[in-house]
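Structure below is structure13.cif: mmCIF, C-alpha atoms.
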```
data_data
#
loop_
_atom_site.label_atom_id
_atom_site.label_comp_id
_atom_site.auth_asym_id
_atom_site.auth_seq_id
_atom_site.Cartn_x
_atom_site.Cartn_y
_atom_site.Cartn_z
CA MET A 1 136.85 95.06 130.03
CA SER A 2 135.45 98.21 131.54
CA THR A 3 135.62 98.37 135.31
CA LYS A 4 132.99 101.06 135.65
CA PRO A 5 129.36 101.15 134.49
CA ARG A 6 128.89 102.69 131.08
CA VAL A 7 125.18 103.29 131.59
CA SER A 8 123.65 105.12 134.54
CA SER A 9 120.90 103.70 136.70
CA ALA A 10 117.43 104.42 135.36
CA ILE A 11 115.94 103.60 138.76
CA ALA A 12 116.23 106.32 141.38
CA GLY A 13 118.14 105.27 144.46
CA GLN A 14 119.66 102.17 142.91
CA GLU A 15 123.26 101.65 141.90
CA PRO A 16 123.98 101.02 138.20
CA SER A 17 123.57 97.37 137.30
CA PHE A 18 122.40 95.20 134.43
CA GLY A 19 118.80 95.63 135.51
CA THR A 20 118.93 99.37 136.03
CA ALA A 21 120.59 99.79 132.63
CA LEU A 22 117.84 97.82 130.89
CA ALA A 23 115.32 99.99 132.73
CA HIS A 24 116.20 102.84 130.36
CA GLN A 25 114.04 100.85 127.91
CA PRO A 26 111.13 99.62 130.03
CA GLY A 27 109.28 97.96 127.14
CA LEU A 28 112.31 95.92 126.12
CA ALA A 29 113.18 95.20 129.74
CA GLY A 30 109.68 93.90 130.40
CA ALA A 31 109.69 91.68 127.32
CA PHE A 32 113.10 90.32 128.21
CA GLY A 33 112.06 89.68 131.81
CA THR A 34 108.99 87.77 130.75
CA LEU A 35 110.96 85.62 128.30
CA TYR A 36 113.81 84.95 130.71
CA GLY A 37 111.51 84.28 133.64
CA THR A 38 109.48 81.82 131.62
CA PHE A 39 112.63 80.05 130.48
CA TRP A 40 113.67 79.54 134.09
CA SER A 41 110.31 78.74 135.60
CA GLU A 42 108.99 76.29 133.03
CA GLY A 43 110.09 74.03 130.23
CA ALA A 44 111.72 70.79 129.29
CA LEU A 45 115.06 71.25 131.07
CA ASP A 46 115.80 70.89 134.77
CA HIS A 47 117.23 73.83 136.69
CA ARG A 48 120.61 72.22 137.18
CA THR A 49 121.15 71.95 133.43
CA LYS A 50 120.08 75.54 132.89
CA GLU A 51 122.37 76.83 135.65
CA VAL A 52 125.35 74.79 134.46
CA THR A 53 125.00 76.15 130.93
CA ARG A 54 124.47 79.71 132.21
CA MET A 55 127.65 79.53 134.28
CA ARG A 56 129.62 77.94 131.46
CA ASN A 57 128.45 80.63 129.04
CA ALA A 58 129.57 83.32 131.49
CA ARG A 59 132.98 81.64 131.77
CA VAL A 60 133.40 81.33 128.00
CA THR A 61 132.49 84.97 127.46
CA ASP A 62 134.64 86.01 130.44
CA CYS A 63 131.71 87.82 132.01
CA GLY A 64 132.57 88.44 135.65
CA TYR A 65 129.25 90.07 136.31
CA MET B 1 114.73 72.76 107.31
CA THR B 2 116.88 72.16 110.37
CA TRP B 3 118.15 68.96 111.92
CA LEU B 4 115.22 69.22 114.34
CA ASP B 5 111.97 67.38 113.67
CA ALA B 6 109.93 70.55 113.29
CA ASP B 7 106.87 71.71 111.39
CA ASP B 8 107.90 72.53 107.80
CA SER B 9 104.98 74.91 107.18
CA SER B 10 106.91 77.89 108.56
CA THR B 11 110.45 79.15 108.00
CA PRO B 12 113.12 76.79 109.32
CA PHE B 13 114.11 79.14 112.15
CA ASP B 14 110.51 79.80 113.18
CA ALA B 15 109.68 76.11 113.00
CA ALA B 16 112.59 75.19 115.24
CA LEU B 17 111.66 77.83 117.82
CA GLY B 18 108.07 76.64 117.56
CA LEU B 19 109.02 73.38 119.25
CA ARG B 20 108.82 75.47 122.43
CA PRO B 21 105.81 77.61 121.47
CA GLU B 22 105.60 79.70 124.63
CA LEU B 23 109.25 80.68 124.46
CA ARG B 24 108.92 81.26 120.72
CA ASP B 25 106.05 83.69 121.20
CA LEU B 26 107.80 85.57 124.00
CA TYR B 27 111.01 85.74 121.98
CA ALA B 28 109.08 87.12 119.00
CA ALA B 29 107.43 89.72 121.24
CA PHE B 30 110.80 90.79 122.61
CA TYR B 31 112.37 90.96 119.14
CA GLY B 32 109.36 92.74 117.71
CA LYS B 33 109.43 95.43 120.40
CA LEU B 34 112.90 96.41 119.29
CA TRP B 35 111.52 97.18 115.84
CA ASP B 36 107.94 98.28 116.20
CA GLU B 37 108.33 100.78 119.04
CA GLU B 38 110.55 102.91 116.78
CA LEU B 39 113.24 103.18 119.42
CA LEU B 40 115.85 103.55 116.70
CA PRO B 41 115.70 104.10 112.92
CA ALA B 42 114.81 100.87 111.12
CA ASP B 43 117.61 101.29 108.61
CA LEU B 44 120.15 101.55 111.43
CA LEU B 45 118.86 98.31 112.96
CA GLU B 46 118.87 96.59 109.58
CA LEU B 47 122.47 97.61 108.93
CA CYS B 48 123.55 96.27 112.32
CA ARG B 49 121.54 93.06 111.86
CA LEU B 50 123.16 92.32 108.53
CA ARG B 51 126.67 93.20 109.74
CA VAL B 52 126.34 90.88 112.73
CA ALA B 53 125.13 88.14 110.36
CA GLN B 54 128.15 88.73 108.15
CA LEU B 55 130.48 88.39 111.14
CA HIS B 56 128.85 85.05 112.00
CA ASP B 57 128.83 83.98 108.35
CA CYS B 58 125.17 83.16 109.01
CA GLU B 59 123.56 82.54 105.63
CA SER B 60 120.18 81.91 107.24
CA GLU B 61 120.08 85.40 108.77
CA LEU B 62 121.59 87.04 105.69
CA ALA B 63 118.86 85.51 103.53
CA VAL B 64 116.27 87.63 105.36
CA ARG B 65 115.81 91.21 104.14
CA HIS B 66 113.45 93.82 105.49
CA ALA B 67 112.77 95.98 102.45
CA GLU B 68 110.68 98.40 104.51
CA ALA B 69 113.80 99.31 106.48
CA GLY B 70 115.00 101.13 103.39
CA VAL B 71 118.60 99.96 103.16
CA SER B 72 119.71 100.05 99.53
CA ASP B 73 121.47 97.15 97.83
CA GLU B 74 124.45 99.46 97.36
CA ARG B 75 124.77 99.97 101.11
CA VAL B 76 124.34 96.27 101.82
CA ALA B 77 127.11 95.53 99.33
CA ALA B 78 129.37 98.05 101.08
CA LEU B 79 128.63 96.77 104.56
CA ALA B 80 131.44 94.21 104.77
CA ASP B 81 133.95 97.02 104.30
CA TRP B 82 132.03 99.79 106.08
CA PRO B 83 135.05 101.44 107.76
CA GLU B 84 136.40 102.30 104.31
CA SER B 85 133.06 103.26 102.76
CA GLY B 86 131.61 106.73 102.44
CA LEU B 87 128.02 105.43 102.37
CA PHE B 88 127.48 105.46 106.13
CA SER B 89 126.83 108.41 108.41
CA GLU B 90 128.85 109.10 111.53
CA SER B 91 126.02 107.80 113.72
CA GLU B 92 125.76 104.65 111.62
CA ARG B 93 129.50 104.14 111.90
CA ALA B 94 129.30 104.45 115.69
CA ALA B 95 126.54 101.84 115.76
CA LEU B 96 128.41 99.55 113.37
CA ALA B 97 131.49 99.80 115.59
CA LEU B 98 129.43 98.30 118.40
CA ALA B 99 128.02 95.65 116.06
CA GLU B 100 131.56 94.84 114.96
CA LYS B 101 132.74 94.08 118.48
CA MET B 102 129.83 92.57 120.38
CA PRO B 103 129.73 89.13 118.70
CA TRP B 104 133.39 88.09 119.00
CA ARG B 105 135.39 90.98 120.49
CA HIS B 106 133.14 92.33 123.23
CA HIS B 107 136.05 92.95 125.61
CA ASP B 108 137.66 95.26 123.06
CA LEU B 109 134.81 97.76 123.30
CA THR B 110 136.18 100.91 124.92
CA ASP B 111 134.60 103.35 127.34
CA GLU B 112 135.22 106.06 124.76
CA GLU B 113 133.31 104.17 122.07
CA TYR B 114 130.36 103.66 124.38
CA ALA B 115 130.43 107.29 125.48
CA ASP B 116 130.28 108.24 121.80
CA LEU B 117 127.16 106.08 121.40
CA ARG B 118 125.51 107.73 124.40
CA GLY B 119 126.29 111.13 122.93
CA ARG B 120 124.76 110.27 119.57
CA PHE B 121 121.72 108.22 120.59
CA GLY B 122 121.16 109.24 124.19
CA GLU B 123 121.42 106.80 127.05
CA ALA B 124 118.12 105.10 126.27
CA GLY B 125 119.04 104.85 122.59
CA ALA B 126 122.42 103.33 123.39
CA VAL B 127 120.71 100.75 125.61
CA ALA B 128 118.22 99.92 122.84
CA LEU B 129 121.04 99.54 120.33
CA THR B 130 123.03 97.29 122.65
CA ILE B 131 119.99 95.09 123.27
CA GLY B 132 119.30 95.01 119.54
CA ILE B 133 122.78 93.89 118.62
CA ALA B 134 122.66 91.26 121.36
CA LEU B 135 119.43 89.97 119.81
CA PHE B 136 120.93 89.91 116.31
CA ASP B 137 123.87 87.99 117.74
CA ALA B 138 121.50 85.58 119.48
CA ASN B 139 119.52 85.07 116.28
CA CYS B 140 122.64 84.00 114.42
CA ARG B 141 123.81 81.70 117.19
CA LEU B 142 120.38 80.07 117.35
CA ARG B 143 120.15 79.64 113.58
CA LEU B 144 123.65 78.16 113.38
CA ALA B 145 123.02 75.83 116.33
CA PHE B 146 119.73 74.66 114.79
CA GLY B 147 121.34 74.21 111.39
CA ALA B 148 118.66 76.43 109.84
CA GLU B 149 118.89 76.42 106.06
CA PRO B 150 118.84 79.85 104.41
CA VAL B 151 115.50 80.78 102.85
CA PRO B 152 115.64 84.04 100.86
CA VAL B 153 112.68 86.15 101.96
CA GLU B 154 111.52 89.76 101.79
CA ALA B 155 110.19 89.72 105.32
CA ALA B 156 107.62 91.94 106.94
CA MET B 157 109.01 94.13 109.67
CA PRO B 158 109.20 92.30 112.98
CA ALA B 159 106.27 93.07 115.26
CA SER B 160 105.70 92.44 118.93
CA GLY B 161 102.06 91.56 118.38
CA GLY B 162 102.63 88.35 116.47
CA GLY B 163 103.61 86.92 113.11
CA PRO B 164 106.36 84.56 112.04
CA ILE B 165 110.02 84.91 112.85
CA TYR B 166 111.70 84.78 109.47
#
```

Go through the file and emit its structure as structure tokens.
Amino acid sequence: MSTKPRVSSAIAGQEPSFGTALAHQPGLAGAFGTLYGTFWSEGALDHRTKEVTRMRNARVTDCGY
Amino acid sequence: MTWLDADDSSTPFDAALGLRPELRDLYAAFYGKLWDEELLPADLLELCRLRVAQLHDCESELAVRHAEAGVSDERVAALADWPESGLFSESERAALALAEKMPWRHHDLTDEEYADLRGRFGEAGAVALTIGIALFDANCRLRLAFGAEPVPVEAAMPASGGGPIY
């Protein structure tokens, strides 16, 4: 796993991160943000279930970020 | 058909997603933006989509073909053995290398491989490609989780403004 960002920050003054990498494609970033935000803010599942599955997915994929 | 009790009037995948219509529409808009904003060549995206589907052995995704993307049957047939084929350009090979690793071997991706992508597609292009392959991977995982049956279809190009998800 890389220990340094592979994509620069597309947002001036901000360190490279997942969000600033996506910002290189603002249309895609906006569509993703709307989908992901809606998933978290509404729906049939409670937040605890969503967070447990998010954390488990990160563990399975060994994603320390 | 899937194991979900969904509307059978659409494709199995679309019908399953349609059980959560707001998320389905937002997912379609996200997926469509990848294609209809011409961020990357359509044939490059189609090659990566099909290779990711092969790696997942996802018959439901493989049954969908976007003829407008312009990928010949000969190139599709060669895709499973693309490293040994002469039918793919250097840029396509760089993109397929990313598609090869993201689904199951994401930790094997090297800084050098990603730097090569940035050099060929630019930073914004590399980001678009990475998002695209993540979406192709997600499509397969969703289809396999839903148990979506394969339905051979010559699908219209995905569009952010609406339409079914094939």

Practice task
Name all residues at most 10 Å from Pro5 (chain A) (count only C-alpha atoms; drop same-chain ones fewer than 4 positions away) and give them as number ranges by chain.
Solution key: A: 9, 15-18, 21; B: 111

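With distances restricted to only C-alpha atoms, A:Leu35 is the closest residue to Arg20 (chain B) from A:Leu35, A:Gly64, A:Arg48, A:Gln14.
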
Problem - Coordinates-based distance that separates CA of Ile131 (chain B) from CA of Ile11 (chain A) (Å, one decimal) - result: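 It comes out at 18.1 Å.
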
Could the residues of chain B that have an atom at most 12 Å from chain A be listed as a tab-separated table, each with its closest atom pair and the distance in Å to one decimal, counting only C-alpha atoms and ordered by chain and ascending residue number?
```
residue	atom	partner	partner_atom	distance
B:Leu19	CA	A:Ala44	CA	10.7
B:Arg20	CA	A:Gly43	CA	8.0
B:Pro21	CA	A:Gly43	CA	10.4
B:Glu22	CA	A:Thr38	CA	8.3
B:Leu23	CA	A:Leu35	CA	6.5
B:Arg24	CA	A:Leu35	CA	9.0
B:Asp25	CA	A:Leu35	CA	8.8
B:Leu26	CA	A:Leu35	CA	5.3
B:Tyr27	CA	A:Leu35	CA	6.3
B:Ala28	CA	A:Ala31	CA	9.5
B:Ala29	CA	A:Ala31	CA	6.8
B:Phe30	CA	A:Ala31	CA	4.9
B:Tyr31	CA	A:Leu28	CA	8.6
B:Gly32	CA	A:Leu28	CA	9.5
B:Lys33	CA	A:Leu28	CA	6.4
B:Leu34	CA	A:Leu28	CA	6.9
B:Trp35	CA	A:Leu28	CA	10.4
B:Asp36	CA	A:Gly27	CA	11.0
B:Glu37	CA	A:Gly27	CA	8.6
B:Glu38	CA	A:Gly27	CA	11.6
B:Leu39	CA	A:Gln25	CA	8.8
B:Leu40	CA	A:Gln25	CA	11.7
B:Met102	CA	A:Thr61	CA	10.7
B:Pro103	CA	A:Thr61	CA	10.1
B:Trp104	CA	A:Thr61	CA	9.1
B:Arg105	CA	A:Thr61	CA	9.6
B:His106	CA	A:Met1	CA	8.2
B:His107	CA	A:Met1	CA	5.0
B:Asp108	CA	A:Met1	CA	7.0
B:Leu109	CA	A:Met1	CA	7.5
B:Thr110	CA	A:Ser2	CA	7.2
B:Asp111	CA	A:Ser2	CA	6.7
B:Glu112	CA	A:Arg6	CA	9.6
B:Glu113	CA	A:Arg6	CA	10.1
B:Tyr114	CA	A:Arg6	CA	6.9
B:Ala115	CA	A:Arg6	CA	7.4
B:Asp116	CA	A:Arg6	CA	10.9
B:Leu117	CA	A:Arg6	CA	10.4
B:Arg118	CA	A:Val7	CA	8.5
B:Gly119	CA	A:Val7	CA	11.7
B:Gly122	CA	A:His24	CA	10.2
B:Glu123	CA	A:Val7	CA	6.9
B:Ala124	CA	A:His24	CA	5.1
B:Gly125	CA	A:Gln25	CA	8.3
B:Ala126	CA	A:Val7	CA	8.7
B:Val127	CA	A:Leu22	CA	6.7
B:Ala128	CA	A:Gln25	CA	6.6
B:Leu129	CA	A:Gln25	CA	10.4
B:Thr130	CA	A:Leu22	CA	9.8
B:Ile131	CA	A:Leu28	CA	8.2
B:Gly132	CA	A:Leu28	CA	9.6
B:Ala134	CA	A:Phe32	CA	11.8
B:Leu135	CA	A:Phe32	CA	10.5
B:Ser160	CA	A:Ala31	CA	9.3
B:Gly161	CA	A:Ala31	CA	11.8
```

For the residues in the current selection, export C-alpha atoms as a JSON list (two decimals), in the coordinates of the input.
```
[["chain", "number", "residue", "atom", "x", "y", "z"],
["B", 19, "LEU", "CA", 109.02, 73.38, 119.25],
["B", 20, "ARG", "CA", 108.82, 75.47, 122.43],
["B", 21, "PRO", "CA", 105.81, 77.61, 121.47],
["B", 22, "GLU", "CA", 105.60, 79.70, 124.63],
["B", 23, "LEU", "CA", 109.25, 80.68, 124.46],
["B", 24, "ARG", "CA", 108.92, 81.26, 120.72],
["B", 25, "ASP", "CA", 106.05, 83.69, 121.20],
["B", 26, "LEU", "CA", 107.80, 85.57, 124.00],
["B", 27, "TYR", "CA", 111.01, 85.74, 121.98],
["B", 28, "ALA", "CA", 109.08, 87.12, 119.00],
["B", 29, "ALA", "CA", 107.43, 89.72, 121.24],
["B", 30, "PHE", "CA", 110.80, 90.79, 122.61],
["B", 31, "TYR", "CA", 112.37, 90.96, 119.14],
["B", 32, "GLY", "CA", 109.36, 92.74, 117.71],
["B", 33, "LYS", "CA", 109.43, 95.43, 120.40],
["B", 34, "LEU", "CA", 112.90, 96.41, 119.29],
["B", 35, "TRP", "CA", 111.52, 97.18, 115.84],
["B", 36, "ASP", "CA", 107.94, 98.28, 116.20],
["B", 37, "GLU", "CA", 108.33, 100.78, 119.04],
["B", 38, "GLU", "CA", 110.55, 102.91, 116.78],
["B", 39, "LEU", "CA", 113.24, 103.18, 119.42],
["B", 40, "LEU", "CA", 115.85, 103.55, 116.70],
["B", 102, "MET", "CA", 129.83, 92.57, 120.38],
["B", 103, "PRO", "CA", 129.73, 89.13, 118.70],
["B", 104, "TRP", "CA", 133.39, 88.09, 119.00],
["B", 105, "ARG", "CA", 135.39, 90.98, 120.49],
["B", 106, "HIS", "CA", 133.14, 92.33, 123.23],
["B", 107, "HIS", "CA", 136.05, 92.95, 125.61],
["B", 108, "ASP", "CA", 137.66, 95.26, 123.06],
["B", 109, "LEU", "CA", 134.81, 97.76, 123.30],
["B", 110, "THR", "CA", 136.18, 100.91, 124.92],
["B", 111, "ASP", "CA", 134.60, 103.35, 127.34],
["B", 112, "GLU", "CA", 135.22, 106.06, 124.76],
["B", 113, "GLU", "CA", 133.31, 104.17, 122.07],
["B", 114, "TYR", "CA", 130.36, 103.66, 124.38],
["B", 115, "ALA", "CA", 130.43, 107.29, 125.48],
["B", 116, "ASP", "CA", 130.28, 108.24, 121.80],
["B", 117, "LEU", "CA", 127.16, 106.08, 121.40],
["B", 118, "ARG", "CA", 125.51, 107.73, 124.40],
["B", 119, "GLY", "CA", 126.29, 111.13, 122.93],
["B", 122, "GLY", "CA", 121.16, 109.24, 124.19],
["B", 123, "GLU", "CA", 121.42, 106.80, 127.05],
["B", 124, "ALA", "CA", 118.12, 105.10, 126.27],
["B", 125, "GLY", "CA", 119.04, 104.85, 122.59],
["B", 126, "ALA", "CA", 122.42, 103.33, 123.39],
["B", 127, "VAL", "CA", 120.71, 100.75, 125.61],
["B", 128, "ALA", "CA", 118.22, 99.92, 122.84],
["B", 129, "LEU", "CA", 121.04, 99.54, 120.33],
["B", 130, "THR", "CA", 123.03, 97.29, 122.65],
["B", 131, "ILE", "CA", 119.99, 95.09, 123.27],
["B", 132, "GLY", "CA", 119.30, 95.01, 119.54],
["B", 134, "ALA", "CA", 122.66, 91.26, 121.36],
["B", 135, "LEU", "CA", 119.43, 89.97, 119.81],
["B", 160, "SER", "CA", 105.70, 92.44, 118.93],
["B", 161, "GLY", "CA", 102.06, 91.56, 118.38]]
```

Practice task
Name the residues that the PyMOL selection byres ((chain B and resi 91) around 9) picks from the file above, as a PyMOL selection string, using the file's chain letters and numbers.
Solution key: chain B and resi 44+88-90+92-96+117+120-121

Handout entry: Exercise: Pro164 (chain B) partners within 10 Å, only C-alpha atoms, chain neighbours under 4 positions left out, as a list in words
Key =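 After dropping sequence-adjacent residues, the list is Ser10, Thr11, Phe13, Asp14, Ala15, Gly18, Arg24, Asp25, Ala28, Ala155, Ala156, Pro158 and Ala159 of chain B.
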
Handout entry: Pairwise distance for CA of Ala42 (chain B) and CA of Ala16 (chain B), rounded to one decimal in Å
Key =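 Here the two named atoms are 26.1 Å from each other.
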
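Between Pro12 (chain B) and the residues B:Gly147, B:Gln54, B:His66, B:Glu154, the shortest atom-to-atom distance, using only C-alpha atoms, involves B:Gly147.
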